[in-house]
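S.K.: Have a look at the structure that comes next, please.
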Amino acid sequence: MNDYKTLAKLTNYARKEIKDDDIKNSAYFRWLNKKVEAEEYIFKMNEDNLNKISRPASGFLEISNSHYDKCLLLSSNIDVENTRPRPSAGIVIDLSEKDKGIDITKFNRVRLNIYLEAVGIQNVYFHFFIGNDNVKDIHTLSVYANTDNKVMWEIDDFDRDNVKKMVITPFLFGCPSEALGKIKIYISDIKVEKVKKDYDLGFDLEDRIAYSHVGYFTKAKKIALVSILNKKEYDIVDENGNVVFTADASDVSSDLGKFYSLDFSNFKKKGRYAIKWDNNKTPYFEISDNPYLVSELKSMNFLRSLRCGEDIPGVHSACHLNCRTVDKEGNSVPNFGGWHDAGDLSQFEIPTAEMTHALVDLAFATNDEALKERIKEEAKVGGDWLLRTSFHNGERALAITYKLWRDNLLMFDNKDVFASVAENGPFENFLSAAALASLARLYKEDYPIYSDWCLRTAIEDFNFGVDGYKEGIHTKRWGSNIDSVVCGHAITAACEIYKMNNDNSFLDIAKKYAKVVLKCQQSTYPDWNKPIRGFFYEDPKHKYMLTYEHRGHEQSPIQGLCNLYKMLPNDPDSKKWLKGIKLYKEYILSTLFATQPYGMLPGHVYDINKLNMERFTSGGWVKDSIEGLAYLQKEASTGIKLADGVYLRRFPIAIQRRGFHATLLSKTKGLSEVAKILNDKKLMQIAIDQLEWILGKNPFASSTMYGEGHNYHPLYVAYSRQMVGSLPVGIMTKGDLDLPYWPTYDNAVFKEIWGHTTGKYLWVLADILKMYK
């Protein structure tokens with residue numbers, strides 16, 4: 001019902017503030033309008049109290065009346081050098097009274113006002129801390145320049161009966177060419193408040209409704225969930241308020257709690273509708289052939305906002321034009337291009353390659369020519385970077401860790417210019433080969449010279465991947481090779497190249513890798529109390545389970561098998577590949593019981609004696625790998641017991657890097673590949689269920705895509721303003737609990753925007769659209 005032309009205005013969303021009516025759909029607007037039951041100022045702004053504030057390492061502090069009446073004025077300069085730790089102008093406010101900390105337990109929210117006066121920058125990134133000395137969590141915020149910023153976050157989960165200090169830290173992230181270095185920060189009205197706590201932990205819905213905020217496919221299931229229902233009957237109403245469908249809710253309670261299902265799958269008339277139950281009504285959503293179109297466009301513009309080396313109005317000027325990567329022989333290539341990875345300015349080859357491949361698949365799944373051209377344009381951004389950053393010797397620019405906005409006039413031989421180091425990794429080369437070969441196919445007719453360049457480089461990368469894997473080469477950053485994943489993606493790369501050159505030698509290599517992948521799969525029922533099969537190990541000897549805590553590539557083994565079966569359905573080994581594919585389907589279906597009625601795909605099966613500590617990030621939270629392993633084993637054991645030492649977790653286990661959209665979507669991508677190859681719409685419905693979880697059908701009734709749907713939280717953006725269409729690392733867990741956790745405070749990594757998540761989202765969507773178009 002929506003066409004690309006009527007949605008073209010969305011291209012502006014990534015470059016400026018979202019509209020007022022969209023702001024009203026945000027969680028921030030809801031928080032801003034919460035009833036304040038009590039409040040108390042915890043610091044008086046006057047000259048006498050200046051001695052209770054530590055002076056910033058970089059800057060000057062005074063009391064001012066310039067912007068707010070009686071406020072702190074912190075003057076500093078963002079034109080800094082690339083040093084460690086990151087330069088900042090933090091202040092520590094002593095809140096103690098008579099050498100004792102203050103007790104603020106009767107309050108549960110901190111609030112203050114900040115005004116940033118600056119020229120030529122969009123924002124400054126802040127850290128905020130308040131709580132007892134044992135509190136580790138902080139709140140972060142992207143403070144916008146030259147406007148009032150109302151800062152607030154809830155602290156129910158923070159110990160706060162002995163609060164001695166509050167820390168406010170603006171980070172100095174460099175001075176781009178269009179900016180002036182000097183900034184002024186006005187801080188006023190620091191207080192604590194008592195408000196109704198946001199629900200943030202668990203599966204309960206209370207009085208909320210979990211539904212897909214973007215809407216539902218005309219021919220797919222349409223289900224919403226509630227926990228409280230006074231009257232079984234509910235209605236679907238159109239935009240004129242007319243009742244167009246009525247049905248009774250059904251009880252779908254499970255181990256997760258009391259739930260009722262509002263299933264209106266039989267209603268198939270296209271349009272915009274709302275659900276009415278009891279005295280409640282949802283905002284309007286869409287029923288159409290592609291209810292995800294708006295989210296798709298917003299995602300595209302989020303990726304545009306992440307571009308490096310281009311001027312993106314409202315986001316940044318052309319950046320990092322003077323930064324390079326150097327290989328072992330001293331050769332260098334420019335780094336700029338592609339997309340910044342996340343809230344910081346870094347870039348990594350692995351997500352870039354997968355995002356490029358995802359966009360290519362999305363373009364092939366798109367009928368609208370104007371939209372297809374927009375997707376092709378974005379895919380080429382990733383492809384250009386992959387082409388430019390190859391050294392043609394197996395090494396690539398794999399990890400670019402920019403830390404600052406810099407003046408592009410600096411010369412390369414200047415010591416201040418940061419140079420990254422190239423590495424050779426077979427997984428990375430296979431990813432690039434697959435992405436570039438698919439891009440060659442996309443541009444074959446429109447741009448044959450470019451297509452040929454992509455294919456030549458893809459073949460080159462593939463051969464480097466084959467040699468590197470054989471020699472046991474791997475990158476220092478990401479660790480030893482994961483056989484099931486490396487071989488799985490090698491198969492995909494071989495198939496993509498074969499589609500372009502019909503060279504059977506690539507399929508011959510793919511068939512050899514398929515044998516490795518199948519050996520990595522649990523193909524028989526293990527001797528467990530609740531046996532499950534079809535999942536993958538890292539290696540053919542089944543030494544380590546294939547699990548992810550942050551970035552996810554669980555799709556790679558099954559994606560490879562599906563691609564190879566599609567290429568060679570009559571091969572003598574094709575029945576083995578098909579068996580592996582069907583085993584993965586069995587695995588998915590046999591674990592779904594754990595998350596009903598939401599239908600979210602569970603995290604992983606964990607054998608606590610087969611955890612590979614190389615795959616987990618501790619970040620200093622544990623003192624060594626022994627303590628880390630014990631921590632993870634305890635966390636795994638809170639899952640559903642399958643056997644002694646074996647558990648099924650609803651969410652992945654992790655130490656530091658929590659937030660699981662990418663792990664969820666990588667599993668979903670594997671599932672959607674199986675659904676395509678088996679032409680299984682029931683299986684594809686499960687893939688749709690995962691996108692619905694991300695876009696509102698979750699216990700928090702929160703769309704996690706910023707600027708799309710309703711009740712979306714501000715995200716961790718650090719170097720930028722909030723970006724419409726951005727997805728975060730994802731809903732996380734708390735401690736060793738196997739429960740979803742989505743608090744109001746903002747921090748990395750769980751609320752950090754991430755191109756990797758968006759790439760996986762679009763990759764899954766491409767498969768769904770192929771089946772439903």
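Residue names in the structure tokens use chain letters A, B, ... in the order shown, residue numbers from 1 in each chain, and ligand numbers from 1 in the order shown.
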Applying 9 Å and only C-alpha atoms, which residues near Val622 of chain A remain after dropping the ones on its own chain fewer than 6 positions away? List them as a ChimeraX atom specification.
M.R.: /A:628,631,655
S.K.: Keeping only all heavy atoms, write those residues as a JSON list (two decimals), in the first residue's frame.
M.R.:
```json
[["chain", "number", "residue", "atom", "x", "y", "z"],
["A", 628, "GLY", "N", 36.65, -16.72, 34.73],
["A", 628, "GLY", "CA", 35.70, -16.47, 33.65],
["A", 628, "GLY", "C", 34.92, -17.72, 33.28],
["A", 628, "GLY", "O", 33.70, -17.68, 33.06],
["A", 631, "TYR", "N", 32.37, -18.46, 35.90],
["A", 631, "TYR", "CA", 31.27, -17.50, 35.76],
["A", 631, "TYR", "C", 30.31, -17.94, 34.66],
["A", 631, "TYR", "O", 29.09, -17.96, 34.84],
["A", 631, "TYR", "CB", 31.85, -16.12, 35.44],
["A", 631, "TYR", "CG", 30.86, -14.99, 35.31],
["A", 631, "TYR", "CD1", 30.65, -14.11, 36.37],
["A", 631, "TYR", "CD2", 30.13, -14.79, 34.14],
["A", 631, "TYR", "CE1", 29.73, -13.06, 36.27],
["A", 631, "TYR", "CE2", 29.22, -13.77, 34.02],
["A", 631, "TYR", "CZ", 29.03, -12.90, 35.09],
["A", 631, "TYR", "OH", 28.12, -11.87, 34.97],
["A", 655, "ILE", "N", 29.99, -12.56, 29.54],
["A", 655, "ILE", "CA", 30.55, -11.88, 30.70],
["A", 655, "ILE", "C", 30.31, -10.38, 30.56],
["A", 655, "ILE", "O", 29.56, -9.79, 31.33],
["A", 655, "ILE", "CB", 32.06, -12.18, 30.85],
["A", 655, "ILE", "CG1", 32.28, -13.69, 31.05],
["A", 655, "ILE", "CG2", 32.65, -11.40, 32.02],
["A", 655, "ILE", "CD1", 33.73, -14.12, 31.06]]
```
S.K.: Show which residues sit within 10 Å of segment 438-445 of chain A, as an mmCIF file with C-alpha atoms, in the first residue's frame. Count only C-alpha atoms, and ignore same-chain residues fewer than 5 positions away.
M.R.:
```cif
data_model
loop_
_atom_site.group_PDB
_atom_site.id
_atom_site.type_symbol
_atom_site.label_atom_id
_atom_site.label_comp_id
_atom_site.auth_asym_id
_atom_site.auth_seq_id
_atom_site.Cartn_x
_atom_site.Cartn_y
_atom_site.Cartn_z
ATOM 1 C CA THR A 356 27.299 -5.792 1.643
ATOM 2 C CA HIS A 357 26.123 -9.319 0.896
ATOM 3 C CA ALA A 358 22.865 -8.692 2.759
ATOM 4 C CA LEU A 359 22.162 -5.580 0.703
ATOM 5 C CA VAL A 360 22.827 -7.451 -2.525
ATOM 6 C CA ASP A 361 20.323 -10.141 -1.534
ATOM 7 C CA ALA A 363 18.211 -5.770 -3.897
ATOM 8 C CA PHE A 364 17.480 -9.049 -5.698
ATOM 9 C CA LYS A 376 22.332 -1.115 -4.909
ATOM 10 C CA ALA A 379 25.685 -2.133 -1.329
ATOM 11 C CA LYS A 380 28.320 -0.546 -3.545
ATOM 12 C CA GLY A 382 30.562 -1.671 1.152
ATOM 13 C CA GLY A 383 31.874 -3.249 -2.020
ATOM 14 C CA SER A 432 34.825 -10.730 1.073
ATOM 15 C CA ALA A 433 34.785 -13.269 -1.755
ATOM 16 C CA TYR A 450 32.932 -2.794 -11.926
ATOM 17 C CA SER A 451 31.337 -6.252 -11.992
ATOM 18 C CA ASP A 452 34.482 -7.732 -13.494
ATOM 19 C CA TRP A 453 36.661 -6.044 -10.857
ATOM 20 C CA CYS A 454 34.453 -7.461 -8.111
ATOM 21 C CA LEU A 455 34.624 -10.979 -9.554
ATOM 22 C CA ARG A 456 38.412 -10.919 -10.037
ATOM 23 C CA THR A 457 38.908 -9.785 -6.472
ATOM 24 C CA ALA A 458 36.388 -12.352 -5.190
ATOM 25 C CA ALA A 493 31.633 -17.901 -1.515
ATOM 26 C CA CYS A 495 28.640 -20.885 -4.947
ATOM 27 C CA GLU A 496 28.492 -17.122 -5.501
ATOM 28 C CA ILE A 497 31.575 -17.254 -7.718
ATOM 29 C CA LYS A 499 27.006 -18.253 -10.401
ATOM 30 C CA MET A 500 29.214 -15.810 -12.290
#
```
S.K.: Any idea what's packed within 8 Å of Phe245 of chain A, counting only C-alpha atoms, ignoring anything in its chain fewer than 6 positions away? Could you give it as a PyMOL selection string?
M.R.: chain A and resi 235-237+264+267
S.K.: Those residues with C-alpha atoms, as a PDB file, in the first residue's frame please?
M.R.:
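Resulting contents of again13.pdb:
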```pdb
ATOM      1  CA  ASP A 235     -11.604  -5.992  17.970  1.00  0.00           C
ATOM      2  CA  ILE A 236      -9.570  -4.887  14.995  1.00  0.00           C
ATOM      3  CA  VAL A 237     -10.571  -1.363  13.951  1.00  0.00           C
ATOM      4  CA  PHE A 264      -6.328 -12.253  13.832  1.00  0.00           C
ATOM      5  CA  PHE A 267      -8.163 -11.109   8.672  1.00  0.00           C
TER       6      PHE A 267
END
```
S.K.: Which polymer residues have any atom within 8 Å of an atom of Ile228 of chain A, counting only C-alpha atoms, with same-chain residues fewer than 6 positions away left out, as a PyMOL selection string?
M.R.: chain A and resi 206-207+259-260
S.K.: Would you return as a ChimeraX atom specification the members of segment 326-456 of chain A that DSSP assigns to strand (DSSP E or B) on this structure's backbone?
M.R.: /A:326,332-334,339,342,347-348,390,395-396,399-400,405,419-421,423-424
S.K.: Take the residues from that selection and write them out as an mmCIF file, in the first residue's frame, keeping N, CA and C atoms.
M.R.:
```cif
data_model
loop_
_atom_site.group_PDB
_atom_site.id
_atom_site.type_symbol
_atom_site.label_atom_id
_atom_site.label_comp_id
_atom_site.auth_asym_id
_atom_site.auth_seq_id
_atom_site.Cartn_x
_atom_site.Cartn_y
_atom_site.Cartn_z
ATOM 1 N N VAL A 326 48.388 -0.439 6.843
ATOM 2 C CA VAL A 326 49.713 -0.827 6.367
ATOM 3 C C VAL A 326 49.872 -2.338 6.495
ATOM 4 N N SER A 332 50.576 0.540 1.828
ATOM 5 C CA SER A 332 49.428 1.091 2.539
ATOM 6 C C SER A 332 48.264 1.333 1.580
ATOM 7 N N VAL A 333 47.067 1.269 2.144
ATOM 8 C CA VAL A 333 45.840 1.583 1.406
ATOM 9 C C VAL A 333 45.009 2.523 2.262
ATOM 10 N N PRO A 334 44.161 3.357 1.645
ATOM 11 C CA PRO A 334 43.313 4.245 2.442
ATOM 12 C C PRO A 334 42.216 3.472 3.168
ATOM 13 N N TRP A 339 31.387 1.772 6.042
ATOM 14 C CA TRP A 339 30.547 2.289 7.127
ATOM 15 C C TRP A 339 31.298 2.223 8.449
ATOM 16 N N ALA A 342 29.837 1.196 14.552
ATOM 17 C CA ALA A 342 28.850 1.250 15.631
ATOM 18 C C ALA A 342 28.815 2.654 16.214
ATOM 19 N N GLN A 347 35.815 0.475 12.140
ATOM 20 C CA GLN A 347 35.226 -0.299 11.053
ATOM 21 C C GLN A 347 35.927 -1.649 10.987
ATOM 22 N N PHE A 348 35.124 -2.685 10.756
ATOM 23 C CA PHE A 348 35.653 -4.038 10.710
ATOM 24 C C PHE A 348 35.188 -4.729 9.425
ATOM 25 N N SER A 390 42.055 -4.199 -0.115
ATOM 26 C CA SER A 390 42.790 -5.449 -0.322
ATOM 27 C C SER A 390 44.224 -5.150 -0.735
ATOM 28 N N GLU A 395 46.375 -10.297 2.699
ATOM 29 C CA GLU A 395 46.136 -9.342 3.786
ATOM 30 C C GLU A 395 45.083 -8.310 3.385
ATOM 31 N N ARG A 396 44.358 -7.845 4.390
ATOM 32 C CA ARG A 396 43.313 -6.840 4.188
ATOM 33 C C ARG A 396 43.284 -5.894 5.370
ATOM 34 N N ALA A 399 40.592 -4.420 10.752
ATOM 35 C CA ALA A 399 40.137 -3.749 11.971
ATOM 36 C C ALA A 399 40.663 -2.317 11.975
ATOM 37 N N ILE A 400 39.768 -1.380 11.708
ATOM 38 C CA ILE A 400 40.133 0.039 11.675
ATOM 39 C C ILE A 400 39.568 0.688 12.932
ATOM 40 N N TRP A 405 37.413 12.455 15.540
ATOM 41 C CA TRP A 405 37.239 13.263 14.332
ATOM 42 C C TRP A 405 38.528 14.066 14.164
ATOM 43 N N ALA A 419 47.506 4.813 11.795
ATOM 44 C CA ALA A 419 47.596 3.788 10.758
ATOM 45 C C ALA A 419 47.266 2.434 11.363
ATOM 46 N N SER A 420 46.327 1.727 10.759
ATOM 47 C CA SER A 420 45.966 0.385 11.206
ATOM 48 C C SER A 420 46.868 -0.640 10.534
ATOM 49 N N VAL A 421 46.897 -1.837 11.106
ATOM 50 C CA VAL A 421 47.758 -2.906 10.604
ATOM 51 C C VAL A 421 46.902 -3.950 9.902
ATOM 52 N N GLU A 423 45.872 -7.654 8.233
ATOM 53 C CA GLU A 423 46.043 -9.053 8.623
ATOM 54 C C GLU A 423 45.474 -9.955 7.546
ATOM 55 N N ASN A 424 45.863 -11.222 7.625
ATOM 56 C CA ASN A 424 45.375 -12.247 6.715
ATOM 57 C C ASN A 424 44.507 -13.209 7.508
#
```
S.K.: From the set A:Glu614, A:Glu154, A:Pro176, A:Asn280, which residue has the shortest atom-to-atom contact distance to Lys476 of chain A, counting only C-alpha atoms?
M.R.: A:Glu614
S.K.: Which polymer residues have any atom within 12 Å of an atom of Val252 of chain A, counting only C-alpha atoms, with same-chain residues fewer than 5 positions away left out, as a PyMOL selection string?
M.R.: chain A and resi 223-227+257-263+595-599
S.K.: Could you take the residues named above and write them with N, CA, C and O atoms, as a tab-separated table (two decimals), in the first residue's frame?
M.R.:
```tsv
chain	number	residue	atom	x	y	z
A	223	ILE	N	-0.48	-12.01	15.26
A	223	ILE	CA	-0.73	-12.35	16.66
A	223	ILE	C	-0.17	-11.26	17.57
A	223	ILE	O	0.94	-10.78	17.36
A	224	ALA	N	-0.95	-10.90	18.57
A	224	ALA	CA	-0.50	-10.01	19.64
A	224	ALA	C	-0.68	-10.74	20.97
A	224	ALA	O	-1.45	-11.71	21.06
A	225	LEU	N	0.03	-10.32	22.00
A	225	LEU	CA	-0.03	-10.95	23.31
A	225	LEU	C	-0.36	-9.94	24.39
A	225	LEU	O	0.15	-8.81	24.37
A	226	VAL	N	-1.20	-10.34	25.34
A	226	VAL	CA	-1.46	-9.56	26.54
A	226	VAL	C	-1.43	-10.50	27.73
A	226	VAL	O	-1.59	-11.72	27.58
A	227	SER	N	-1.25	-9.95	28.92
A	227	SER	CA	-1.27	-10.75	30.14
A	227	SER	C	-2.52	-10.50	30.96
A	227	SER	O	-2.94	-11.36	31.73
A	257	GLY	N	4.77	-17.38	32.05
A	257	GLY	CA	3.75	-16.58	32.71
A	257	GLY	C	2.38	-16.75	32.11
A	257	GLY	O	2.13	-17.64	31.30
A	258	LYS	N	1.48	-15.85	32.54
A	258	LYS	CA	0.09	-15.86	32.08
A	258	LYS	C	-0.02	-14.99	30.84
A	258	LYS	O	0.32	-13.80	30.86
A	259	PHE	N	-0.54	-15.58	29.75
A	259	PHE	CA	-0.65	-14.83	28.50
A	259	PHE	C	-1.93	-15.21	27.77
A	259	PHE	O	-2.44	-16.32	27.89
A	260	TYR	N	-2.41	-14.24	26.99
A	260	TYR	CA	-3.52	-14.46	26.08
A	260	TYR	C	-3.08	-14.07	24.67
A	260	TYR	O	-2.41	-13.06	24.49
A	261	SER	N	-3.46	-14.89	23.73
A	261	SER	CA	-3.13	-14.63	22.33
A	261	SER	C	-4.30	-13.98	21.62
A	261	SER	O	-5.42	-14.48	21.67
A	262	LEU	N	-4.03	-12.86	20.96
A	262	LEU	CA	-5.01	-12.18	20.12
A	262	LEU	C	-4.62	-12.49	18.68
A	262	LEU	O	-3.78	-11.83	18.09
A	263	ASP	N	-5.20	-13.54	18.13
A	263	ASP	CA	-4.82	-14.05	16.82
A	263	ASP	C	-5.86	-13.62	15.78
A	263	ASP	O	-7.00	-14.09	15.80
A	595	THR	N	10.52	-20.59	24.69
A	595	THR	CA	10.21	-19.15	24.67
A	595	THR	C	8.77	-18.87	24.30
A	595	THR	O	8.43	-17.73	23.97
A	596	GLN	N	7.92	-19.86	24.36
A	596	GLN	CA	6.51	-19.61	24.04
A	596	GLN	C	5.83	-18.81	25.15
A	596	GLN	O	6.16	-18.98	26.32
A	597	PRO	N	4.91	-17.90	24.81
A	597	PRO	CA	4.30	-17.73	23.48
A	597	PRO	C	4.98	-16.68	22.59
A	597	PRO	O	4.49	-16.40	21.50
A	598	TYR	N	6.13	-16.13	23.02
A	598	TYR	CA	6.79	-15.12	22.19
A	598	TYR	C	7.37	-15.73	20.92
A	598	TYR	O	7.39	-15.09	19.87
A	599	GLY	N	7.88	-16.95	21.03
A	599	GLY	CA	8.45	-17.61	19.86
A	599	GLY	C	9.82	-17.11	19.47
A	599	GLY	O	10.29	-17.35	18.36
```
S.K.: Between A:Leu695, A:Val717, A:Val517, A:Ala675, which residue has the minimum interatomic distance to Ile588 of chain A, considering only C-alpha atoms?
M.R.: A:Ala675
S.K.: Can you work out which one of A:Ile532, A:Met45, A:Leu507, A:Cys487 has the shortest atom-to-atom distance to Lys191 of chain A, counting only C-alpha atoms?
M.R.: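 Once distances to Lys191 of chain A are computed over only C-alpha atoms, the minimum belongs to A:Met45.
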S.K.: So, with only C-alpha atoms as the atoms that count, which of A:Leu180, A:Ile104, A:Leu201, A:Val724 lies closest to Asp161 of chain A?
M.R.: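 Nearest candidate to Asp161 of chain A out of A:Leu180, A:Ile104, A:Leu201, A:Val724: A:Ile104.
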S.K.: Where does DSSP see alpha helix (DSSP H) in segment 316-536 of chain A, if you list the residues as a PyMOL selection string?
M.R.: chain A and resi 349-364+369-388+426-442+448-471+483-501+504-519
S.K.: Got a sec: who's within 10 Å of Ala643 of chain A, counting only C-alpha atoms, leaving out chain neighbours fewer than 6 positions off, as a compact mmCIF listing (two decimals) with N, CA, C and O atoms, in the first residue's frame?
M.R.:
```txt
# COMPACT_ATOMS: atom_id res chain seq x y z
N PRO A 526 22.19 -37.26 21.32
CA PRO A 526 23.14 -37.52 22.40
C PRO A 526 22.43 -38.21 23.58
O PRO A 526 21.20 -38.17 23.69
N ASP A 527 23.20 -38.78 24.45
CA ASP A 527 22.67 -39.51 25.60
C ASP A 527 22.32 -38.51 26.71
O ASP A 527 22.99 -38.43 27.74
N TRP A 528 21.28 -37.74 26.46
CA TRP A 528 20.81 -36.74 27.40
C TRP A 528 19.41 -37.11 27.88
O TRP A 528 18.70 -37.87 27.21
N ASN A 529 19.01 -36.53 28.98
CA ASN A 529 17.63 -36.73 29.45
C ASN A 529 16.64 -36.15 28.46
O ASN A 529 15.56 -36.71 28.25
N LYS A 530 16.99 -35.02 27.86
CA LYS A 530 16.18 -34.38 26.83
C LYS A 530 17.06 -34.18 25.60
O LYS A 530 17.62 -33.10 25.39
N PRO A 531 17.21 -35.21 24.79
CA PRO A 531 18.16 -35.13 23.67
C PRO A 531 17.70 -34.19 22.57
O PRO A 531 16.53 -34.13 22.21
N ASP A 607 27.09 -27.13 26.66
CA ASP A 607 27.74 -28.15 27.48
C ASP A 607 28.84 -27.42 28.24
O ASP A 607 29.78 -26.88 27.63
```
S.K.: Ranking A:Gly725, A:Phe535, A:His553, A:Ala38 by minimum distance to Leu648 of chain A and counting only C-alpha atoms, which one comes first?
M.R.: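 Of A:Gly725, A:Phe535, A:His553, A:Ala38, the one nearest Leu648 of chain A is A:Phe535, counting only C-alpha atoms.
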S.K.: Show which residues sit within 9 Å of Gly670 of chain A, as a VMD selection string. Count only C-alpha atoms, and ignore same-chain residues fewer than 4 positions away.
M.R.: chain A and resid 554 to 559 584 665 to 666 674 to 675 764
S.K.: Take the selection from the previous step and output its residues with N, CA and C atoms, as an mmCIF file, in the first residue's frame.
M.R.:
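Resulting contents of selection.cif:
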```cif
data_model
loop_
_atom_site.group_PDB
_atom_site.id
_atom_site.type_symbol
_atom_site.label_atom_id
_atom_site.label_comp_id
_atom_site.auth_asym_id
_atom_site.auth_seq_id
_atom_site.Cartn_x
_atom_site.Cartn_y
_atom_site.Cartn_z
ATOM 1 N N GLU A 554 26.202 -17.824 13.284
ATOM 2 C CA GLU A 554 25.673 -19.183 13.352
ATOM 3 C C GLU A 554 25.067 -19.609 12.019
ATOM 4 N N GLN A 555 24.714 -18.629 11.194
ATOM 5 C CA GLN A 555 24.094 -18.970 9.912
ATOM 6 C C GLN A 555 25.078 -19.596 8.926
ATOM 7 N N SER A 556 26.369 -19.341 9.093
ATOM 8 C CA SER A 556 27.346 -19.707 8.057
ATOM 9 C C SER A 556 27.343 -21.191 7.680
ATOM 10 N N PRO A 557 27.363 -22.133 8.645
ATOM 11 C CA PRO A 557 27.388 -23.542 8.232
ATOM 12 C C PRO A 557 26.139 -23.948 7.455
ATOM 13 N N ILE A 558 24.978 -23.578 7.952
ATOM 14 C CA ILE A 558 23.741 -24.011 7.305
ATOM 15 C C ILE A 558 23.498 -23.240 6.013
ATOM 16 N N GLN A 559 23.915 -21.979 5.969
ATOM 17 C CA GLN A 559 23.812 -21.194 4.740
ATOM 18 C C GLN A 559 24.644 -21.831 3.632
ATOM 19 N N TYR A 584 18.933 -29.263 11.015
ATOM 20 C CA TYR A 584 18.927 -27.918 11.612
ATOM 21 C C TYR A 584 17.489 -27.447 11.839
ATOM 22 N N LEU A 665 19.621 -12.875 15.224
ATOM 23 C CA LEU A 665 19.389 -12.720 13.790
ATOM 24 C C LEU A 665 20.303 -13.612 12.959
ATOM 25 N N SER A 666 21.476 -13.961 13.476
ATOM 26 C CA SER A 666 22.321 -14.889 12.716
ATOM 27 C C SER A 666 21.680 -16.274 12.704
ATOM 28 N N VAL A 674 16.992 -22.191 5.428
ATOM 29 C CA VAL A 674 16.366 -23.511 5.407
ATOM 30 C C VAL A 674 14.926 -23.402 4.904
ATOM 31 N N ALA A 675 14.200 -22.377 5.370
ATOM 32 C CA ALA A 675 12.811 -22.185 4.933
ATOM 33 C C ALA A 675 12.731 -21.996 3.424
ATOM 34 N N VAL A 764 17.819 -11.178 6.719
ATOM 35 C CA VAL A 764 16.655 -12.014 7.004
ATOM 36 C C VAL A 764 15.439 -11.505 6.243
#
```
S.K.: How far is it from atom CA of Asp148 of chain A to atom CA of Asp189 of chain A, in Å with one decimal?
M.R.: 12.4 Å
S.K.: Just the number, please: distance in Å from atom CA of Asp69 of chain A to atom CA of Arg721 of chain A, one decimal.
M.R.: 26.8 Å
S.K.: Work out how far apart atom CA of Glu296 of chain A and atom CA of Met600 of chain A are and give it in Å to one decimal.
M.R.: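 Atom CA of Met600 of chain A lies at a distance of 21.1 Å from atom CA of Glu296 of chain A.
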S.K.: Smallest atom-to-atom distance to Tyr565 of chain A: which of A:Pro699, A:Gly580, A:Pro351, A:Pro740, using only C-alpha atoms?
M.R.: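 Under the stated criterion, the closest residue is A:Gly580.
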